[in-house]
$ cat model.txt   # compact mmCIF, C-alpha atoms
# COMPACT_ATOMS: atom_id res chain seq x y z
CA MET A 1 15.88 11.21 13.61
CA PRO A 2 15.43 11.65 17.41
CA ALA A 3 11.97 12.25 18.82
CA PRO A 4 11.13 15.96 18.57
CA THR A 5 10.89 17.96 21.78
CA TYR A 6 9.44 21.09 20.20
CA VAL A 7 5.63 21.08 20.13
CA ILE A 8 3.82 22.84 17.29
CA THR A 9 0.97 24.85 18.77
CA SER A 10 -0.18 26.83 15.73
CA ARG A 11 -2.89 25.53 13.44
CA ALA A 12 -1.47 27.83 10.75
CA ASN A 13 1.84 25.96 10.65
CA PRO A 14 2.55 25.03 6.96
CA SER A 15 3.00 21.32 7.74
CA VAL A 16 -0.20 21.26 9.79
CA LYS A 17 -2.08 22.96 6.95
CA GLN A 18 -0.69 20.40 4.50
CA LEU A 19 -1.83 17.52 6.74
CA ARG A 20 -5.29 19.05 7.10
CA ALA A 21 -5.54 19.51 3.32
CA ALA A 22 -4.53 15.90 2.71
CA PHE A 23 -7.19 14.62 5.09
CA ALA A 24 -9.71 16.80 3.27
CA GLY A 25 -8.70 15.30 -0.08
CA GLN A 26 -7.38 18.61 -1.42
CA ALA A 27 -4.62 17.28 -3.68
CA ARG A 28 -3.36 20.69 -4.81
CA LEU A 29 -2.93 22.05 -1.29
CA SER A 30 -1.46 18.78 0.02
CA GLY A 31 1.10 18.60 -2.78
CA GLY A 32 -0.37 15.32 -3.98
CA LEU A 33 0.34 13.58 -0.69
CA VAL A 34 -2.11 11.27 1.08
CA ALA A 35 -2.84 11.36 4.82
CA ILE A 36 -3.36 8.33 7.04
CA GLU A 37 -4.17 8.16 10.74
CA GLY A 38 -3.81 5.52 13.44
CA ASP A 39 -1.26 2.92 14.48
CA HIS A 40 -2.60 0.17 12.23
CA LEU A 41 -2.55 2.14 8.97
CA VAL A 42 0.82 3.75 9.66
CA LEU A 43 2.40 0.35 10.36
CA GLU A 44 0.64 -1.21 7.35
CA ALA A 45 2.00 1.57 5.16
CA LEU A 46 5.54 1.04 6.45
CA GLN A 47 5.36 -2.73 6.07
CA SER A 48 3.99 -2.31 2.54
CA GLY A 49 6.96 -0.18 1.49
CA MET A 50 5.14 3.14 1.28
CA VAL A 51 7.29 6.27 1.27
CA LEU A 52 6.39 8.36 4.31
CA LYS A 53 7.24 12.05 4.02
CA THR A 54 6.25 13.17 7.53
CA VAL A 55 4.92 11.50 10.68
CA PHE A 56 2.85 13.60 13.09
CA ILE A 57 2.45 12.63 16.74
CA SER A 58 0.49 14.21 19.57
CA GLU A 59 2.15 15.81 22.59
CA ARG A 60 3.00 12.87 24.82
CA ARG A 61 2.88 10.14 22.20
CA PRO A 62 6.13 8.16 21.71
CA VAL A 63 7.46 7.67 18.21
CA PRO A 64 6.94 4.04 17.11
CA ASP A 65 10.19 2.11 16.72
CA GLU A 66 9.13 1.10 13.20
CA VAL A 67 9.35 4.67 11.88
CA PRO A 68 12.64 5.02 9.98
CA LYS A 69 15.13 7.51 11.39
CA SER A 70 15.18 9.26 8.01
CA VAL A 71 11.49 10.23 8.20
CA GLU A 72 10.62 13.71 9.47
CA VAL A 73 8.67 13.55 12.75
CA LEU A 74 6.66 16.51 14.04
CA ARG A 75 5.03 16.75 17.46
CA LEU A 76 1.70 18.61 17.60
CA ALA A 77 -0.26 20.02 20.50
CA ASN A 78 -3.26 17.78 21.18
CA ASP A 79 -5.81 20.33 20.01
CA VAL A 80 -3.83 21.00 16.82
CA PHE A 81 -3.62 17.26 16.11
CA ARG A 82 -7.38 16.83 16.63
CA SER A 83 -8.07 19.74 14.27
CA CYS A 84 -6.40 17.82 11.43
CA VAL A 85 -7.72 14.27 11.65
CA GLU A 86 -11.22 13.01 10.88
CA THR A 87 -11.66 10.38 13.60
CA GLN A 88 -13.48 11.33 16.81
CA SER A 89 -11.00 9.47 19.03
CA PRO A 90 -7.62 9.97 17.38
CA GLN A 91 -4.78 7.65 18.33
CA GLY A 92 -2.18 10.40 18.28
CA ILE A 93 -0.30 9.40 15.16
CA ALA A 94 -0.76 10.38 11.51
CA ALA A 95 1.42 10.53 8.43
CA LEU A 96 1.74 12.01 4.97
CA LEU A 97 2.79 9.55 2.30
CA VAL A 98 3.50 9.45 -1.41
CA PRO A 99 0.69 7.40 -3.00
CA PRO A 100 1.88 4.51 -5.18
CA VAL A 101 1.31 4.80 -8.92
CA GLY A 102 -0.75 1.83 -10.10
CA SER A 103 -0.66 0.69 -13.71
CA VAL A 104 -2.69 -1.71 -15.80
CA GLU A 105 0.52 -3.39 -16.92
CA LYS A 106 1.16 -4.52 -13.33
CA MET A 107 -2.27 -6.19 -13.31
CA LEU A 108 -1.48 -8.42 -16.29
CA ARG A 109 0.84 -10.77 -14.42
CA ASN A 110 0.08 -14.49 -14.25
CA THR A 111 -3.61 -15.00 -15.12
CA PRO A 112 -5.14 -11.56 -14.61
CA LEU A 113 -8.13 -11.15 -12.32
CA ILE A 114 -9.16 -7.51 -12.25
CA LEU A 115 -12.07 -5.82 -10.54
CA VAL A 116 -13.52 -2.80 -12.34
CA ALA A 117 -15.52 -0.50 -10.04
CA GLN A 118 -17.62 1.76 -12.25
CA ALA A 119 -18.64 5.05 -10.62
CA LEU A 120 -18.89 3.71 -7.07
CA GLN A 121 -19.81 6.54 -4.67
CA ASP A 122 -19.45 4.92 -1.25
CA PRO A 123 -15.82 4.89 -0.07
CA GLY A 124 -16.61 2.02 2.30
CA ASN A 125 -17.74 -0.10 -0.64
CA LEU A 126 -14.64 0.64 -2.69
CA GLY A 127 -12.31 0.05 0.24
CA THR A 128 -14.00 -3.26 1.03
CA LEU A 129 -13.68 -4.33 -2.60
CA VAL A 130 -9.96 -3.51 -2.65
CA ARG A 131 -9.53 -5.58 0.52
CA SER A 132 -11.51 -8.48 -0.94
CA ALA A 133 -9.59 -8.23 -4.21
CA GLU A 134 -6.29 -8.71 -2.39
CA ALA A 135 -7.72 -11.47 -0.20
CA PHE A 136 -8.97 -13.52 -3.17
CA GLY A 137 -5.88 -13.13 -5.32
CA ALA A 138 -6.93 -10.41 -7.76
CA THR A 139 -4.12 -8.71 -9.66
CA GLY A 140 -5.60 -5.21 -9.49
CA VAL A 141 -8.56 -2.84 -9.24
CA LEU A 142 -9.65 -0.26 -11.78
CA THR A 143 -11.81 2.73 -10.91
CA THR A 144 -13.57 5.18 -13.22
CA LEU A 145 -14.00 8.94 -13.43
CA GLY A 146 -16.96 10.12 -11.39
CA GLY A 147 -16.38 7.56 -8.68
CA VAL A 148 -14.89 7.90 -5.22
CA SER A 149 -11.10 8.10 -4.99
CA PRO A 150 -9.27 5.04 -3.64
CA TRP A 151 -7.33 7.52 -1.47
CA ASN A 152 -10.45 8.78 0.27
CA GLN A 153 -9.94 8.41 4.03
CA LYS A 154 -12.87 6.05 4.55
CA CYS A 155 -11.75 3.99 1.58
CA ILE A 156 -8.22 3.64 2.96
CA ARG A 157 -9.56 2.52 6.34
CA ALA A 158 -12.04 0.07 4.79
CA SER A 159 -9.25 -1.47 2.72
CA ALA A 160 -7.31 -2.17 5.94
CA GLY A 161 -4.06 -1.43 4.11
CA SER A 162 -4.76 -3.42 0.93
CA VAL A 163 -4.77 -0.20 -1.10
CA PHE A 164 -1.05 0.13 -0.26
CA ARG A 165 -0.22 -3.22 -1.86
CA LEU A 166 -2.68 -3.97 -4.66
CA PRO A 167 -2.30 -2.06 -7.95
CA VAL A 168 -5.14 0.46 -8.35
CA ALA A 169 -5.45 2.52 -11.52
CA GLN A 170 -7.96 4.43 -13.61
CA ALA A 171 -10.12 2.56 -16.12
CA ASP A 172 -9.84 4.74 -19.22
CA GLU A 173 -10.03 3.86 -22.92
CA ALA A 174 -6.34 2.96 -23.04
CA ALA A 175 -6.75 0.57 -20.09
CA VAL A 176 -9.73 -1.14 -21.72
CA ALA A 177 -7.86 -1.48 -25.02
CA LEU A 178 -4.83 -2.97 -23.27
CA LEU A 179 -6.95 -5.54 -21.41
CA LYS A 180 -8.80 -6.48 -24.60
CA SER A 181 -5.49 -6.89 -26.45
CA HIS A 182 -4.41 -9.39 -23.76
CA LYS A 183 -7.59 -11.44 -24.26
CA VAL A 184 -9.05 -10.49 -20.88
CA GLN A 185 -12.75 -11.39 -20.81
CA PHE A 186 -15.11 -8.70 -19.50
CA LEU A 187 -17.91 -10.05 -17.30
CA ALA A 188 -20.66 -7.62 -16.30
CA ALA A 189 -22.39 -8.22 -12.97
CA MET A 190 -26.13 -7.81 -13.55
CA PRO A 191 -29.21 -8.54 -11.37
CA THR A 192 -31.17 -10.22 -14.21
CA ASN A 193 -30.85 -11.60 -17.75
CA ALA A 194 -27.47 -13.14 -17.04
CA ILE A 195 -25.88 -16.54 -16.48
CA PRO A 196 -25.18 -17.74 -12.93
CA ILE A 197 -21.63 -16.91 -11.94
CA GLU A 198 -20.68 -20.56 -11.43
CA GLN A 199 -21.33 -21.19 -15.13
CA ALA A 200 -18.71 -18.63 -16.21
CA ASP A 201 -15.11 -19.79 -16.66
CA LEU A 202 -13.24 -17.55 -14.23
CA LYS A 203 -10.01 -19.47 -14.72
CA LEU A 204 -9.51 -17.37 -17.84
CA PRO A 205 -8.01 -13.85 -17.71
CA THR A 206 -10.98 -11.92 -16.34
CA ALA A 207 -12.20 -8.42 -15.56
CA LEU A 208 -15.25 -8.33 -13.27
CA LEU A 209 -17.38 -5.24 -13.83
CA ILE A 210 -19.26 -3.86 -10.80
CA GLY A 211 -21.59 -0.92 -11.29
CA ASN A 212 -22.71 2.11 -9.32
CA GLU A 213 -24.63 1.42 -6.11
CA GLY A 214 -27.86 2.91 -7.38
CA ALA A 215 -27.79 2.75 -11.16
CA GLY A 216 -25.61 -0.30 -11.74
CA LEU A 217 -23.37 -0.53 -14.80
CA ASP A 218 -24.04 2.12 -17.40
CA ALA A 219 -24.76 1.29 -21.04
CA GLU A 220 -21.19 1.97 -22.18
CA TRP A 221 -19.64 -0.50 -19.76
CA THR A 222 -22.38 -3.06 -20.27
CA ALA A 223 -21.67 -2.95 -24.01
CA LEU A 224 -18.02 -3.80 -23.35
CA ALA A 225 -18.95 -7.05 -21.62
CA ASP A 226 -18.34 -10.40 -23.28
CA ARG A 227 -20.92 -11.98 -20.98
CA ARG A 228 -23.42 -10.93 -18.32
CA ILE A 229 -23.18 -12.76 -15.00
CA THR A 230 -25.33 -12.81 -11.88
CA ILE A 231 -25.25 -14.18 -8.35
CA PRO A 232 -28.27 -16.43 -7.73
CA THR A 233 -30.18 -15.23 -4.65
CA PRO A 234 -33.04 -17.48 -3.56
CA GLY A 235 -34.06 -14.98 -0.89
CA ARG A 236 -36.51 -12.13 -1.49
CA VAL A 237 -34.05 -9.37 -2.35
CA GLU A 238 -33.77 -7.44 -5.60
CA SER A 239 -30.01 -6.99 -5.57
CA LEU A 240 -26.90 -7.16 -3.42
CA ASN A 241 -24.75 -4.36 -2.04
CA ALA A 242 -21.91 -3.58 -4.47
CA ALA A 243 -19.19 -4.60 -2.01
CA VAL A 244 -20.97 -7.86 -1.16
CA ALA A 245 -21.59 -8.72 -4.81
CA GLY A 246 -18.02 -7.94 -5.85
CA SER A 247 -16.59 -9.92 -2.95
CA LEU A 248 -18.72 -12.96 -3.84
CA LEU A 249 -17.60 -12.79 -7.47
CA LEU A 250 -13.98 -12.56 -6.41
CA TYR A 251 -14.42 -15.53 -4.09
CA GLU A 252 -15.94 -17.62 -6.90
CA ALA A 253 -12.99 -16.74 -9.14
CA SER A 254 -10.58 -17.75 -6.39
CA ARG A 255 -12.49 -21.01 -5.81
CA GLN A 256 -12.44 -21.95 -9.49
CA ARG A 257 -8.76 -21.13 -9.87
CA ALA A 258 -7.81 -23.16 -6.80
CA SER A 259 -9.49 -26.25 -8.26
CA ARG A 260 -7.74 -26.26 -11.65
$ encode --input "model.txt" --output "structure tokens"
Amino acid sequence: MPAPTYVITSRANPSVKQLRAAFAGQARLSGGLVAIEGDHLVLEALQSGMVLKTVFISERRPVPDEVPKSVEVLRLANDVFRSCVETQSPQGIAALLVPPVGSVEKMLRNTPLILVAQALQDPGNLGTLVRSAEAFGATGVLTTLGGVSPWNQKCIRASAGSVFRLPVAQADEAAVALLKSHKVQFLAAMPTNAIPIEQADLKLPTALLIGNEGAGLDAEWTALADRRITIPTPGRVESLNAAVAGSLLLYEASRQRASR
């Protein structure tokens, strides 16, 4: 598709309204599509095989060569483009994409290593955990109801594109039952009354349970755990940030698995 010459100047344009709704996380108004903004994320999405529905560019911005000719490209007036995106210094390119459908079945390949994020509220924490999960060889991430969406804008940016590639799904009763049926051990990260993480055998199929930033794991998830694990901290701190703790646990799992 050639670069568009017509510039959309109305903020009430249906495609503009759909883009704005997607950035606001309004799934019904966006038709279930997810918005991304910036050169890095658009290119990461393309390289990860995401299906782009529409690419939006600002007035004098060229269309990147990597954008397939089959993808609809719309050119927006600068003020219209800025009215849609969340960043203060937009790069002049955004896109609507079809979010991938993650499944627990996809996480059971090889020796599963799954991170379960229970009711995390900070999108930066969840995005960082998704990025760390991919970096350290995890097979997937599960999130729970009441937590931040993995398709939150800050979460997508914090994941640096990992959310496009790593299976992410909801941790419901069926997911738990499936993991248990495949002999996946559940290890609950706790600040006290737990064994040091290096004493746990992370070479086994494993689900690492990380709790809410303030309250930690709730009683229901704690009861599902086969063992309670902790990260020894000789310094004078009560607990670690959820993203830091999860990343350290994932690293330890990767370290143990590399040495077998």
$ residues_around --input "model.txt" --residues "stretch 64-70 of chain A" --least-positions-apart "2" --cutoff "12 Å" --atoms "all atoms listed in the file" --output "PyMOL selection string"
chain A and resi 1-4+38-40+42-47+49-57+61-62+72-73+92-95
$ closest_atom_pairs --input "model.txt" --of "stretch 156-239 of chain A" --to "stretch 99-111 of chain A" --cutoff "6 Å" --atoms "only C-alpha atoms" --output "CSV"
residue,atom,partner,partner_atom,distance
A:Pro167,CA,A:Gly102,CA,4.7
A:Val168,CA,A:Gly102,CA,4.9
A:Ala169,CA,A:Gly102,CA,5.0
A:Pro205,CA,A:Thr111,CA,5.2
$ atom_distance --input "model.txt" --atom1 "atom CA of A:Arg82" --atom2 "atom CA of A:Gly127"
24.0 Å
$ residues_around --input "model.txt" --residues "A:Gln121" --least-positions-apart "2" --cutoff "7 Å" --atoms "all atoms listed in the file" --output "MDAnalysis selection string"
chainID A and resid 119 123 147:148
$ write_last_selection --input "model.txt" --atoms "C-alpha atoms" --output "PDB file, in the coordinates of the input"
ATOM      1  CA  ALA A 119     -18.640   5.050 -10.620  1.00  0.00           C
ATOM      2  CA  PRO A 123     -15.820   4.890  -0.070  1.00  0.00           C
ATOM      3  CA  GLY A 147     -16.380   7.560  -8.680  1.00  0.00           C
ATOM      4  CA  VAL A 148     -14.890   7.900  -5.220  1.00  0.00           C
TER       5      VAL A 148
END
$ closest_residue --input "model.txt" --among "A:Arg227, A:Arg260, A:Arg131, A:Lys180" --to "A:Lys203" --atoms "all atoms listed in the file"
A:Arg260
$ closest_residue --input "model.txt" --among "A:Leu204, A:Leu178, A:Asn241, A:Ala12" --to "A:Leu129" --atoms "only C-alpha atoms"
A:Asn241
$ atom_distance --input "model.txt" --atom1 "atom CA of A:Phe186" --atom2 "atom CA of A:Ala242"
17.3 Å
$ closest_residue --input "model.txt" --among "A:Gln26, A:Ser162, A:Gln170, A:Thr233" --to "A:Ala117" --atoms "all atoms listed in the file"
A:Gln170
$ build_atoms --input "model.txt" --residues "stretch 131-142 of chain A" --atoms "all heavy atoms" --output "PDB file, in the coordinates of the input"
ATOM      1  N   ARG A 131      -9.962  -4.580  -0.476  1.00  0.00           N
ATOM      2  CA  ARG A 131      -9.530  -5.580   0.520  1.00  0.00           C
ATOM      3  C   ARG A 131      -9.879  -6.988   0.059  1.00  0.00           C
ATOM      4  O   ARG A 131      -9.056  -7.913   0.145  1.00  0.00           O
ATOM      5  CB  ARG A 131     -10.183  -5.267   1.859  1.00  0.00           C
ATOM      6  CG  ARG A 131      -9.724  -6.175   3.001  1.00  0.00           C
ATOM      7  CD  ARG A 131     -10.371  -5.751   4.309  1.00  0.00           C
ATOM      8  NE  ARG A 131      -9.871  -6.506   5.436  1.00  0.00           N
ATOM      9  CZ  ARG A 131     -10.258  -6.321   6.697  1.00  0.00           C
ATOM     10  NH1 ARG A 131     -11.160  -5.379   6.968  1.00  0.00           N
ATOM     11  NH2 ARG A 131      -9.748  -7.045   7.669  1.00  0.00           N
ATOM     12  N   SER A 132     -11.092  -7.172  -0.448  1.00  0.00           N
ATOM     13  CA  SER A 132     -11.510  -8.480  -0.940  1.00  0.00           C
ATOM     14  C   SER A 132     -10.687  -8.897  -2.156  1.00  0.00           C
ATOM     15  O   SER A 132     -10.337 -10.068  -2.320  1.00  0.00           O
ATOM     16  CB  SER A 132     -12.996  -8.472  -1.303  1.00  0.00           C
ATOM     17  OG  SER A 132     -13.807  -8.293  -0.156  1.00  0.00           O
ATOM     18  N   ALA A 133     -10.385  -7.936  -3.014  1.00  0.00           N
ATOM     19  CA  ALA A 133      -9.590  -8.230  -4.210  1.00  0.00           C
ATOM     20  C   ALA A 133      -8.230  -8.790  -3.814  1.00  0.00           C
ATOM     21  O   ALA A 133      -7.751  -9.785  -4.388  1.00  0.00           O
ATOM     22  CB  ALA A 133      -9.437  -6.982  -5.062  1.00  0.00           C
ATOM     23  N   GLU A 134      -7.585  -8.176  -2.829  1.00  0.00           N
ATOM     24  CA  GLU A 134      -6.290  -8.710  -2.390  1.00  0.00           C
ATOM     25  C   GLU A 134      -6.475 -10.076  -1.740  1.00  0.00           C
ATOM     26  O   GLU A 134      -5.694 -11.002  -2.000  1.00  0.00           O
ATOM     27  CB  GLU A 134      -5.612  -7.752  -1.413  1.00  0.00           C
ATOM     28  CG  GLU A 134      -4.226  -8.262  -1.016  1.00  0.00           C
ATOM     29  CD  GLU A 134      -3.523  -7.426   0.035  1.00  0.00           C
ATOM     30  OE1 GLU A 134      -4.208  -6.845   0.896  1.00  0.00           O
ATOM     31  OE2 GLU A 134      -2.279  -7.367   0.002  1.00  0.00           O
ATOM     32  N   ALA A 135      -7.503 -10.216  -0.919  1.00  0.00           N
ATOM     33  CA  ALA A 135      -7.720 -11.470  -0.200  1.00  0.00           C
ATOM     34  C   ALA A 135      -7.926 -12.643  -1.144  1.00  0.00           C
ATOM     35  O   ALA A 135      -7.465 -13.763  -0.879  1.00  0.00           O
ATOM     36  CB  ALA A 135      -8.920 -11.336   0.741  1.00  0.00           C
ATOM     37  N   PHE A 136      -8.623 -12.420  -2.266  1.00  0.00           N
ATOM     38  CA  PHE A 136      -8.970 -13.520  -3.170  1.00  0.00           C
ATOM     39  C   PHE A 136      -8.059 -13.586  -4.398  1.00  0.00           C
ATOM     40  O   PHE A 136      -8.387 -14.237  -5.382  1.00  0.00           O
ATOM     41  CB  PHE A 136     -10.436 -13.398  -3.589  1.00  0.00           C
ATOM     42  CG  PHE A 136     -11.385 -13.612  -2.446  1.00  0.00           C
ATOM     43  CD1 PHE A 136     -12.318 -12.639  -2.096  1.00  0.00           C
ATOM     44  CD2 PHE A 136     -11.342 -14.771  -1.692  1.00  0.00           C
ATOM     45  CE1 PHE A 136     -13.185 -12.832  -1.028  1.00  0.00           C
ATOM     46  CE2 PHE A 136     -12.201 -14.975  -0.616  1.00  0.00           C
ATOM     47  CZ  PHE A 136     -13.130 -14.006  -0.286  1.00  0.00           C
ATOM     48  N   GLY A 137      -6.898 -12.939  -4.313  1.00  0.00           N
ATOM     49  CA  GLY A 137      -5.880 -13.130  -5.320  1.00  0.00           C
ATOM     50  C   GLY A 137      -6.034 -12.332  -6.599  1.00  0.00           C
ATOM     51  O   GLY A 137      -5.434 -12.677  -7.626  1.00  0.00           O
ATOM     52  N   ALA A 138      -6.819 -11.255  -6.575  1.00  0.00           N
ATOM     53  CA  ALA A 138      -6.930 -10.410  -7.760  1.00  0.00           C
ATOM     54  C   ALA A 138      -5.597  -9.719  -8.034  1.00  0.00           C
ATOM     55  O   ALA A 138      -4.782  -9.528  -7.122  1.00  0.00           O
ATOM     56  CB  ALA A 138      -8.036  -9.373  -7.583  1.00  0.00           C
ATOM     57  N   THR A 139      -5.381  -9.364  -9.288  1.00  0.00           N
ATOM     58  CA  THR A 139      -4.120  -8.710  -9.660  1.00  0.00           C
ATOM     59  C   THR A 139      -4.241  -7.190  -9.681  1.00  0.00           C
ATOM     60  O   THR A 139      -3.235  -6.503  -9.842  1.00  0.00           O
ATOM     61  CB  THR A 139      -3.635  -9.206 -11.029  1.00  0.00           C
ATOM     62  OG1 THR A 139      -4.672  -9.006 -12.000  1.00  0.00           O
ATOM     63  CG2 THR A 139      -3.277 -10.683 -10.968  1.00  0.00           C
ATOM     64  N   GLY A 140      -5.453  -6.656  -9.525  1.00  0.00           N
ATOM     65  CA  GLY A 140      -5.600  -5.210  -9.490  1.00  0.00           C
ATOM     66  C   GLY A 140      -7.048  -4.767  -9.476  1.00  0.00           C
ATOM     67  O   GLY A 140      -7.967  -5.570  -9.652  1.00  0.00           O
ATOM     68  N   VAL A 141      -7.234  -3.470  -9.251  1.00  0.00           N
ATOM     69  CA  VAL A 141      -8.560  -2.840  -9.240  1.00  0.00           C
ATOM     70  C   VAL A 141      -8.502  -1.607 -10.124  1.00  0.00           C
ATOM     71  O   VAL A 141      -7.550  -0.814 -10.052  1.00  0.00           O
ATOM     72  CB  VAL A 141      -8.981  -2.445  -7.811  1.00  0.00           C
ATOM     73  CG1 VAL A 141     -10.272  -1.632  -7.831  1.00  0.00           C
ATOM     74  CG2 VAL A 141      -9.154  -3.686  -6.936  1.00  0.00           C
ATOM     75  N   LEU A 142      -9.518  -1.452 -10.961  1.00  0.00           N
ATOM     76  CA  LEU A 142      -9.650  -0.260 -11.780  1.00  0.00           C
ATOM     77  C   LEU A 142     -10.858   0.539 -11.321  1.00  0.00           C
ATOM     78  O   LEU A 142     -11.911  -0.034 -11.038  1.00  0.00           O
ATOM     79  CB  LEU A 142      -9.821  -0.638 -13.263  1.00  0.00           C
ATOM     80  CG  LEU A 142      -8.609  -1.270 -13.958  1.00  0.00           C
ATOM     81  CD1 LEU A 142      -8.984  -1.712 -15.366  1.00  0.00           C
ATOM     82  CD2 LEU A 142      -7.438  -0.292 -14.011  1.00  0.00           C
TER      83      LEU A 142
END
